[in-house]
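Undergrad: Input file: input_8.tsv. Contents: TSV, N, CA, C and O atoms.
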chain	number	residue	atom	x	y	z
A	1	MET	N	54.44	3.67	57.74
A	1	MET	CA	54.22	3.77	59.17
A	1	MET	C	53.44	5.05	59.46
A	1	MET	O	53.68	6.09	58.88
A	2	SER	N	52.51	4.98	60.37
A	2	SER	CA	51.68	6.15	60.69
A	2	SER	C	52.44	7.11	61.60
A	2	SER	O	53.44	6.76	62.21
A	3	ALA	N	51.92	8.33	61.68
A	3	ALA	CA	52.54	9.35	62.51
A	3	ALA	C	52.37	9.00	63.99
A	3	ALA	O	51.44	8.28	64.36
A	4	PRO	N	53.27	9.50	64.84
A	4	PRO	CA	53.14	9.25	66.28
A	4	PRO	C	51.80	9.74	66.82
A	4	PRO	O	51.18	10.66	66.27
A	5	LEU	N	51.36	9.15	67.90
A	5	LEU	CA	50.02	9.38	68.43
A	5	LEU	C	49.81	10.81	68.94
A	5	LEU	O	48.80	11.45	68.62
A	6	LEU	N	50.73	11.33	69.74
A	6	LEU	CA	50.52	12.66	70.34
A	6	LEU	C	50.41	13.79	69.32
A	6	LEU	O	49.50	14.63	69.44
A	7	PRO	N	51.26	13.84	68.30
A	7	PRO	CA	51.05	14.90	67.29
A	7	PRO	C	49.72	14.77	66.55
A	7	PRO	O	49.10	15.77	66.20
A	8	ARG	N	49.26	13.53	66.32
A	8	ARG	CA	47.96	13.34	65.66
A	8	ARG	C	46.83	13.83	66.55
A	8	ARG	O	45.87	14.44	66.06
A	9	ILE	N	46.92	13.57	67.85
A	9	ILE	CA	45.88	14.05	68.78
A	9	ILE	C	45.89	15.57	68.81
A	9	ILE	O	44.84	16.21	68.78
A	10	ARG	N	47.08	16.16	68.87
A	10	ARG	CA	47.18	17.63	68.90
A	10	ARG	C	46.59	18.24	67.63
A	10	ARG	O	45.86	19.24	67.69
A	11	GLN	N	46.88	17.63	66.49
A	11	GLN	CA	46.33	18.13	65.22
A	11	GLN	C	44.81	18.01	65.21
A	11	GLN	O	44.12	18.92	64.76
A	12	TRP	N	44.29	16.90	65.72
A	12	TRP	CA	42.84	16.72	65.76
A	12	TRP	C	42.19	17.75	66.67
A	12	TRP	O	41.17	18.34	66.33
A	13	LEU	N	42.78	17.99	67.86
A	13	LEU	CA	42.22	18.99	68.77
A	13	LEU	C	42.25	20.38	68.15
A	13	LEU	O	41.30	21.15	68.31
A	14	ALA	N	43.33	20.70	67.46
A	14	ALA	CA	43.45	22.03	66.84
A	14	ALA	C	42.43	22.22	65.72
A	14	ALA	O	42.09	23.35	65.38
A	15	SER	N	41.92	21.13	65.16
A	15	SER	CA	40.95	21.25	64.07
A	15	SER	C	39.53	21.50	64.58
A	15	SER	O	38.64	21.80	63.79
A	16	LEU	N	39.31	21.36	65.89
A	16	LEU	CA	37.97	21.58	66.44
A	16	LEU	C	37.65	23.07	66.50
A	16	LEU	O	38.53	23.93	66.46
A	17	SER	N	36.38	23.40	66.67
A	17	SER	CA	35.94	24.79	66.62
A	17	SER	C	36.21	25.52	67.94
A	17	SER	O	36.46	24.91	68.97
A	18	PHE	N	36.14	26.84	67.86
A	18	PHE	CA	36.31	27.69	69.04
A	18	PHE	C	35.25	27.35	70.08
A	18	PHE	O	35.55	27.30	71.28
A	19	ARG	N	34.04	27.09	69.64
A	19	ARG	CA	32.96	26.75	70.56
A	19	ARG	C	33.28	25.47	71.36
A	19	ARG	O	33.00	25.39	72.54
A	20	SER	N	33.87	24.50	70.70
A	20	SER	CA	34.28	23.28	71.39
A	20	SER	C	35.33	23.59	72.45
A	20	SER	O	35.32	23.00	73.53
A	21	GLY	N	36.22	24.51	72.16
A	21	GLY	CA	37.24	24.92	73.12
A	21	GLY	C	36.62	25.59	74.34
A	21	GLY	O	37.05	25.36	75.47
A	22	VAL	N	35.60	26.41	74.11
A	22	VAL	CA	34.92	27.08	75.22
A	22	VAL	C	34.20	26.06	76.08
A	22	VAL	O	34.26	26.12	77.32
A	23	ILE	N	33.54	25.09	75.46
A	23	ILE	CA	32.85	24.05	76.22
A	23	ILE	C	33.86	23.25	77.04
A	23	ILE	O	33.60	22.94	78.21
A	24	CYS	N	35.00	22.96	76.48
A	24	CYS	CA	36.03	22.22	77.19
A	24	CYS	C	36.57	23.05	78.36
A	24	CYS	O	36.84	22.51	79.44
A	25	ALA	N	36.71	24.36	78.19
A	25	ALA	CA	37.17	25.23	79.27
A	25	ALA	C	36.14	25.30	80.40
A	25	ALA	O	36.50	25.31	81.58
A	26	VAL	N	34.87	25.32	80.06
A	26	VAL	CA	33.81	25.31	81.08
A	26	VAL	C	33.84	24.00	81.86
A	26	VAL	O	33.71	23.98	83.08
A	27	CYS	N	34.05	22.90	81.14
A	27	CYS	CA	34.18	21.60	81.82
A	27	CYS	C	35.36	21.61	82.78
A	27	CYS	O	35.27	21.06	83.88
A	28	ALA	N	36.46	22.22	82.36
A	28	ALA	CA	37.64	22.30	83.24
A	28	ALA	C	37.29	23.06	84.51
A	28	ALA	O	37.67	22.63	85.62
A	29	ALA	N	36.58	24.16	84.39
A	29	ALA	CA	36.19	24.94	85.57
A	29	ALA	C	35.29	24.12	86.49
A	29	ALA	O	35.45	24.16	87.72
A	30	LEU	N	34.37	23.36	85.91
A	30	LEU	CA	33.50	22.51	86.72
A	30	LEU	C	34.29	21.42	87.43
A	30	LEU	O	34.04	21.13	88.60
A	31	PHE	N	35.23	20.81	86.73
A	31	PHE	CA	36.06	19.78	87.36
A	31	PHE	C	36.90	20.35	88.50
A	31	PHE	O	37.09	19.69	89.53
A	32	TYR	N	37.41	21.57	88.32
A	32	TYR	CA	38.16	22.22	89.41
A	32	TYR	C	37.24	22.43	90.62
A	32	TYR	O	37.64	22.17	91.76
A	33	ALA	N	36.04	22.90	90.37
A	33	ALA	CA	35.10	23.14	91.47
A	33	ALA	C	34.78	21.84	92.20
A	33	ALA	O	34.76	21.80	93.44
A	34	VAL	N	34.56	20.77	91.46
A	34	VAL	CA	34.24	19.49	92.09
A	34	VAL	C	35.46	18.94	92.83
A	34	VAL	O	35.32	18.38	93.92
A	35	SER	N	36.65	19.12	92.27
A	35	SER	CA	37.85	18.56	92.90
A	35	SER	C	38.08	19.16	94.29
A	35	SER	O	38.56	18.47	95.19
A	36	PHE	N	37.74	20.42	94.46
A	36	PHE	CA	37.91	21.03	95.78
A	36	PHE	C	36.63	20.97	96.60
A	36	PHE	O	36.68	20.89	97.82
A	37	GLY	N	35.49	20.99	95.96
A	37	GLY	CA	34.21	20.94	96.66
A	37	GLY	C	33.96	19.61	97.35
A	37	GLY	O	33.30	19.56	98.39
A	38	GLN	N	34.49	18.53	96.81
A	38	GLN	CA	34.27	17.23	97.41
A	38	GLN	C	34.95	17.10	98.78
A	38	GLN	O	34.65	16.20	99.54
A	39	MET	N	35.84	18.02	99.10
A	39	MET	CA	36.49	17.99	100.42
A	39	MET	C	35.47	18.23	101.54
A	39	MET	O	35.73	17.89	102.68
A	40	LEU	N	34.34	18.80	101.21
A	40	LEU	CA	33.30	19.06	102.21
A	40	LEU	C	32.44	17.83	102.50
A	40	LEU	O	31.64	17.85	103.44
A	41	LEU	N	32.59	16.77	101.71
A	41	LEU	CA	31.79	15.56	101.92
A	41	LEU	C	32.24	14.81	103.17
A	41	LEU	O	33.43	14.80	103.49
A	42	PRO	N	31.31	14.17	103.84
A	42	PRO	CA	31.66	13.41	105.05
A	42	PRO	C	32.15	11.99	104.71
A	42	PRO	O	31.50	11.00	105.06
A	43	ILE	N	33.28	11.90	104.02
A	43	ILE	CA	33.86	10.60	103.66
A	43	ILE	C	35.29	10.54	104.16
A	43	ILE	O	35.84	11.55	104.64
A	44	SER	N	35.92	9.38	104.05
A	44	SER	CA	37.27	9.20	104.58
A	44	SER	C	38.29	10.05	103.81
A	44	SER	O	38.06	10.45	102.66
A	45	ALA	N	39.41	10.29	104.47
A	45	ALA	CA	40.47	11.09	103.85
A	45	ALA	C	41.04	10.37	102.62
A	45	ALA	O	41.43	11.02	101.65
A	46	THR	N	41.09	9.06	102.66
A	46	THR	CA	41.59	8.29	101.51
A	46	THR	C	40.67	8.49	100.30
A	46	THR	O	41.15	8.71	99.18
A	47	ALA	N	39.38	8.42	100.52
A	47	ALA	CA	38.42	8.63	99.43
A	47	ALA	C	38.50	10.07	98.92
A	47	ALA	O	38.45	10.30	97.70
A	48	LYS	N	38.66	11.02	99.82
A	48	LYS	CA	38.78	12.42	99.41
A	48	LYS	C	40.03	12.62	98.54
A	48	LYS	O	39.98	13.31	97.53
A	49	GLY	N	41.12	11.99	98.96
A	49	GLY	CA	42.36	12.10	98.18
A	49	GLY	C	42.21	11.49	96.80
A	49	GLY	O	42.67	12.05	95.80
A	50	GLY	N	41.57	10.33	96.74
A	50	GLY	CA	41.34	9.69	95.44
A	50	GLY	C	40.46	10.51	94.54
A	50	GLY	O	40.74	10.67	93.34
A	51	LEU	N	39.38	11.05	95.09
A	51	LEU	CA	38.48	11.91	94.30
A	51	LEU	C	39.19	13.17	93.84
A	51	LEU	O	39.00	13.64	92.72
A	52	TRP	N	40.02	13.73	94.72
A	52	TRP	CA	40.74	14.95	94.35
A	52	TRP	C	41.68	14.67	93.18
A	52	TRP	O	41.72	15.43	92.22
A	53	VAL	N	42.44	13.57	93.26
A	53	VAL	CA	43.35	13.22	92.17
A	53	VAL	C	42.58	13.02	90.87
A	53	VAL	O	42.98	13.52	89.81
A	54	LEU	N	41.47	12.31	90.94
A	54	LEU	CA	40.66	12.05	89.76
A	54	LEU	C	40.14	13.34	89.13
A	54	LEU	O	40.37	13.61	87.94
A	55	PHE	N	39.45	14.16	89.92
A	55	PHE	CA	38.83	15.37	89.36
A	55	PHE	C	39.85	16.45	89.01
A	55	PHE	O	39.67	17.18	88.04
A	56	PHE	N	40.93	16.55	89.77
A	56	PHE	CA	41.96	17.53	89.44
A	56	PHE	C	42.66	17.13	88.14
A	56	PHE	O	42.97	17.97	87.30
A	57	GLY	N	42.88	15.82	87.97
A	57	GLY	CA	43.46	15.34	86.72
A	57	GLY	C	42.55	15.60	85.53
A	57	GLY	O	43.01	16.01	84.46
A	58	LEU	N	41.26	15.38	85.71
A	58	LEU	CA	40.31	15.68	84.64
A	58	LEU	C	40.30	17.18	84.32
A	58	LEU	O	40.21	17.59	83.16
A	59	ALA	N	40.39	18.01	85.37
A	59	ALA	CA	40.40	19.46	85.17
A	59	ALA	C	41.62	19.89	84.37
A	59	ALA	O	41.51	20.69	83.43
A	60	LYS	N	42.78	19.37	84.72
A	60	LYS	CA	44.00	19.73	84.00
A	60	LYS	C	43.95	19.25	82.55
A	60	LYS	O	44.34	19.97	81.63
A	61	THR	N	43.44	18.03	82.35
A	61	THR	CA	43.32	17.51	80.99
A	61	THR	C	42.38	18.38	80.15
A	61	THR	O	42.69	18.73	79.01
A	62	ALA	N	41.24	18.74	80.72
A	62	ALA	CA	40.28	19.59	80.01
A	62	ALA	C	40.86	20.98	79.75
A	62	ALA	O	40.65	21.56	78.69
A	63	GLN	N	41.61	21.50	80.73
A	63	GLN	CA	42.21	22.83	80.58
A	63	GLN	C	43.20	22.85	79.41
A	63	GLN	O	43.13	23.72	78.54
A	64	TYR	N	44.11	21.90	79.38
A	64	TYR	CA	45.11	21.89	78.31
A	64	TYR	C	44.49	21.53	76.97
A	64	TYR	O	44.93	22.03	75.93
A	65	SER	N	43.46	20.71	76.98
A	65	SER	CA	42.75	20.40	75.73
A	65	SER	C	42.07	21.66	75.20
A	65	SER	O	42.12	21.93	74.00
A	66	ALA	N	41.47	22.44	76.08
A	66	ALA	CA	40.82	23.68	75.66
A	66	ALA	C	41.84	24.64	75.05
A	66	ALA	O	41.57	25.29	74.04
A	67	LEU	N	43.01	24.72	75.67
A	67	LEU	CA	44.05	25.59	75.13
A	67	LEU	C	44.51	25.13	73.75
A	67	LEU	O	44.74	25.95	72.86
A	68	LEU	N	44.65	23.83	73.57
A	68	LEU	CA	45.04	23.31	72.26
A	68	LEU	C	43.94	23.54	71.22
A	68	LEU	O	44.23	23.83	70.06
A	69	ILE	N	42.70	23.40	71.63
A	69	ILE	CA	41.59	23.59	70.69
A	69	ILE	C	41.49	25.06	70.27
A	69	ILE	O	41.38	25.38	69.09
A	70	MET	N	41.54	25.96	71.25
A	70	MET	CA	41.35	27.38	70.94
A	70	MET	C	42.59	28.01	70.32
A	70	MET	O	42.49	28.90	69.50
A	71	GLY	N	43.76	27.60	70.73
A	71	GLY	CA	44.98	28.18	70.21
A	71	GLY	C	45.20	29.60	70.71
A	71	GLY	O	44.44	30.13	71.52
A	72	LYS	N	46.23	30.21	70.20
A	72	LYS	CA	46.61	31.56	70.63
A	72	LYS	C	45.52	32.59	70.32
A	72	LYS	O	45.17	33.41	71.16
A	73	GLU	N	44.98	32.52	69.13
A	73	GLU	CA	43.95	33.49	68.73
A	73	GLU	C	42.66	33.28	69.52
A	73	GLU	O	41.97	34.23	69.86
A	74	GLY	N	42.33	32.05	69.81
A	74	GLY	CA	41.14	31.77	70.60
A	74	GLY	C	41.23	32.29	72.01
A	74	GLY	O	40.26	32.79	72.58
A	75	VAL	N	42.42	32.19	72.61
A	75	VAL	CA	42.62	32.71	73.96
A	75	VAL	C	42.48	34.24	73.94
A	75	VAL	O	41.85	34.82	74.83
A	76	LYS	N	43.02	34.89	72.92
A	76	LYS	CA	42.86	36.34	72.79
A	76	LYS	C	41.38	36.71	72.64
A	76	LYS	O	40.91	37.68	73.21
A	77	ARG	N	40.66	35.90	71.86
A	77	ARG	CA	39.23	36.14	71.66
A	77	ARG	C	38.46	36.02	72.97
A	77	ARG	O	37.57	36.82	73.25
A	78	MET	N	38.80	35.01	73.79
A	78	MET	CA	38.16	34.83	75.10
A	78	MET	C	38.43	36.04	76.00
A	78	MET	O	37.53	36.52	76.69
A	79	LYS	N	39.66	36.52	76.00
A	79	LYS	CA	40.01	37.68	76.83
A	79	LYS	C	39.19	38.89	76.41
A	79	LYS	O	38.69	39.64	77.25
A	80	ARG	N	39.04	39.09	75.08
A	80	ARG	CA	38.24	40.22	74.60
A	80	ARG	C	36.79	40.10	75.05
A	80	ARG	O	36.15	41.08	75.43
A	81	LEU	N	36.24	38.87	75.00
A	81	LEU	CA	34.87	38.66	75.43
A	81	LEU	C	34.68	39.01	76.91
A	81	LEU	O	33.71	39.66	77.30
A	82	PHE	N	35.62	38.57	77.75
A	82	PHE	CA	35.51	38.86	79.18
A	82	PHE	C	35.71	40.34	79.48
A	82	PHE	O	35.06	40.89	80.36
A	83	LEU	N	36.61	40.99	78.75
A	83	LEU	CA	36.85	42.41	78.97
A	83	LEU	C	35.62	43.23	78.57
A	83	LEU	O	35.27	44.20	79.21
A	84	ARG	N	34.97	42.84	77.47
A	84	ARG	CA	33.77	43.54	77.01
A	84	ARG	C	32.63	43.41	78.02
A	84	ARG	O	31.91	44.37	78.27
A	85	ARG	N	32.48	42.25	78.61
A	85	ARG	CA	31.39	42.02	79.55
A	85	ARG	C	31.64	42.72	80.87
A	85	ARG	O	30.69	43.08	81.56
A	86	SER	N	32.88	42.96	81.24
A	86	SER	CA	33.17	43.61	82.52
A	86	SER	C	33.01	45.11	82.45
A	86	SER	O	32.95	45.78	83.46
A	87	GLU	N	32.95	45.66	81.24
A	87	GLU	CA	32.81	47.12	81.10
A	87	GLU	C	31.39	47.58	81.33
A	87	GLU	O	30.44	46.97	81.27
Written as structure tokens, that's how I'd like the structure from this file.

TA:
Amino acid sequence: MSAPLLPRIRQWLASLSFRSGVICAVCAALFYAVSFGQMLLPISATAKGGLWVLFFGLAKTAQYSALLIMGKEGVKRMKRLFLRRSE
């Protein structure tokens, strides 16, 4: 019998590169921006709610995927990069 699906997905995500994690984190930021930015569109409240759920869900999925890809050391590496650029 094969291993359960979620641990296999987690293992696969952890095997991806740091660069893939950064790309996934950028996608998460874009999805967050779209999820709130679409509120400015002149469409019905029902459509806005549906779009918000869709894009916010994509943002959360991308965010947690990025964290799994980068891991603890990758997150520390990202913090160092941002601290260096702010100096």

Undergrad: Counting only C-alpha atoms, which of A:Trp52, A:Phe18, A:Tyr64, A:Phe82 gets nearest to Leu40 (chain A)?

TA: A:Trp52

Undergrad: Could you check the closest approach to Ser65 (chain A) for each of A:Ala45, A:Arg8, A:Val22, A:Leu81 and tell me which residue wins, using only C-alpha atoms?

TA: A:Val22

Undergrad: With only C-alpha atoms as the atoms that count, which of A:Leu30, A:Leu68, A:Leu58, A:Cys24 lies nearest to Pro7 (chain A)?

TA: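 The closest residue to Pro7 (chain A) is A:Leu68.
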
Undergrad: Hey, which of A:Leu83, A:Val34, A:Ala66, A:Leu41 ends up closest to Ser20 (chain A)? Count all atoms listed in the file.

TA: A:Ala66

Undergrad: How far is it from atom O of Met70 (chain A) to atom N of Leu5 (chain A), in Å with one decimal?

TA: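 Computing it gives 21.7 Å between the two atoms.
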
Undergrad: In Å, rounded to a single decimal, give me how far atom N of Phe56 (chain A) is from atom C of Ser35 (chain A).

TA: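 Distance reported for this atom pair: 5.9 Å.
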
Undergrad: Of the residues A:Ala14, A:Ala28, A:Met39, A:Ala3, which is the one nearest to Ala62 (chain A), using all atoms listed in the file?

TA: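 Among the listed residues, A:Ala28 lies closest to Ala62 (chain A).
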
Undergrad: Output as an MDAnalysis selection string all residues of region 40-69 of chain A that backbone DSSP marks as alpha helix (DSSP H).

TA: chainID A and resid 45:69

Undergrad: When you draw a straight line from CA of Ile43 (chain A) to CA of Gly57 (chain A), how long is it in Å?

TA: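 Separation between CA of Ile43 (chain A) and CA of Gly57 (chain A): 20.0 Å.
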
Undergrad: Quick one: residues within 12 Å of Gly37 (chain A), only C-alpha atoms, excluding same-chain residues fewer than 5 positions away - as number ranges by chain?

TA: A: 29-32, 42, 48, 51-52, 55-56

Undergrad: Kindly indicate which residue among A:Leu16, A:Arg10, A:Pro4, A:Val26 lies nearest to Lys60 (chain A), using only C-alpha atoms for the distances.

TA: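 That would be A:Val26, the residue with the smallest distance to Lys60 (chain A).
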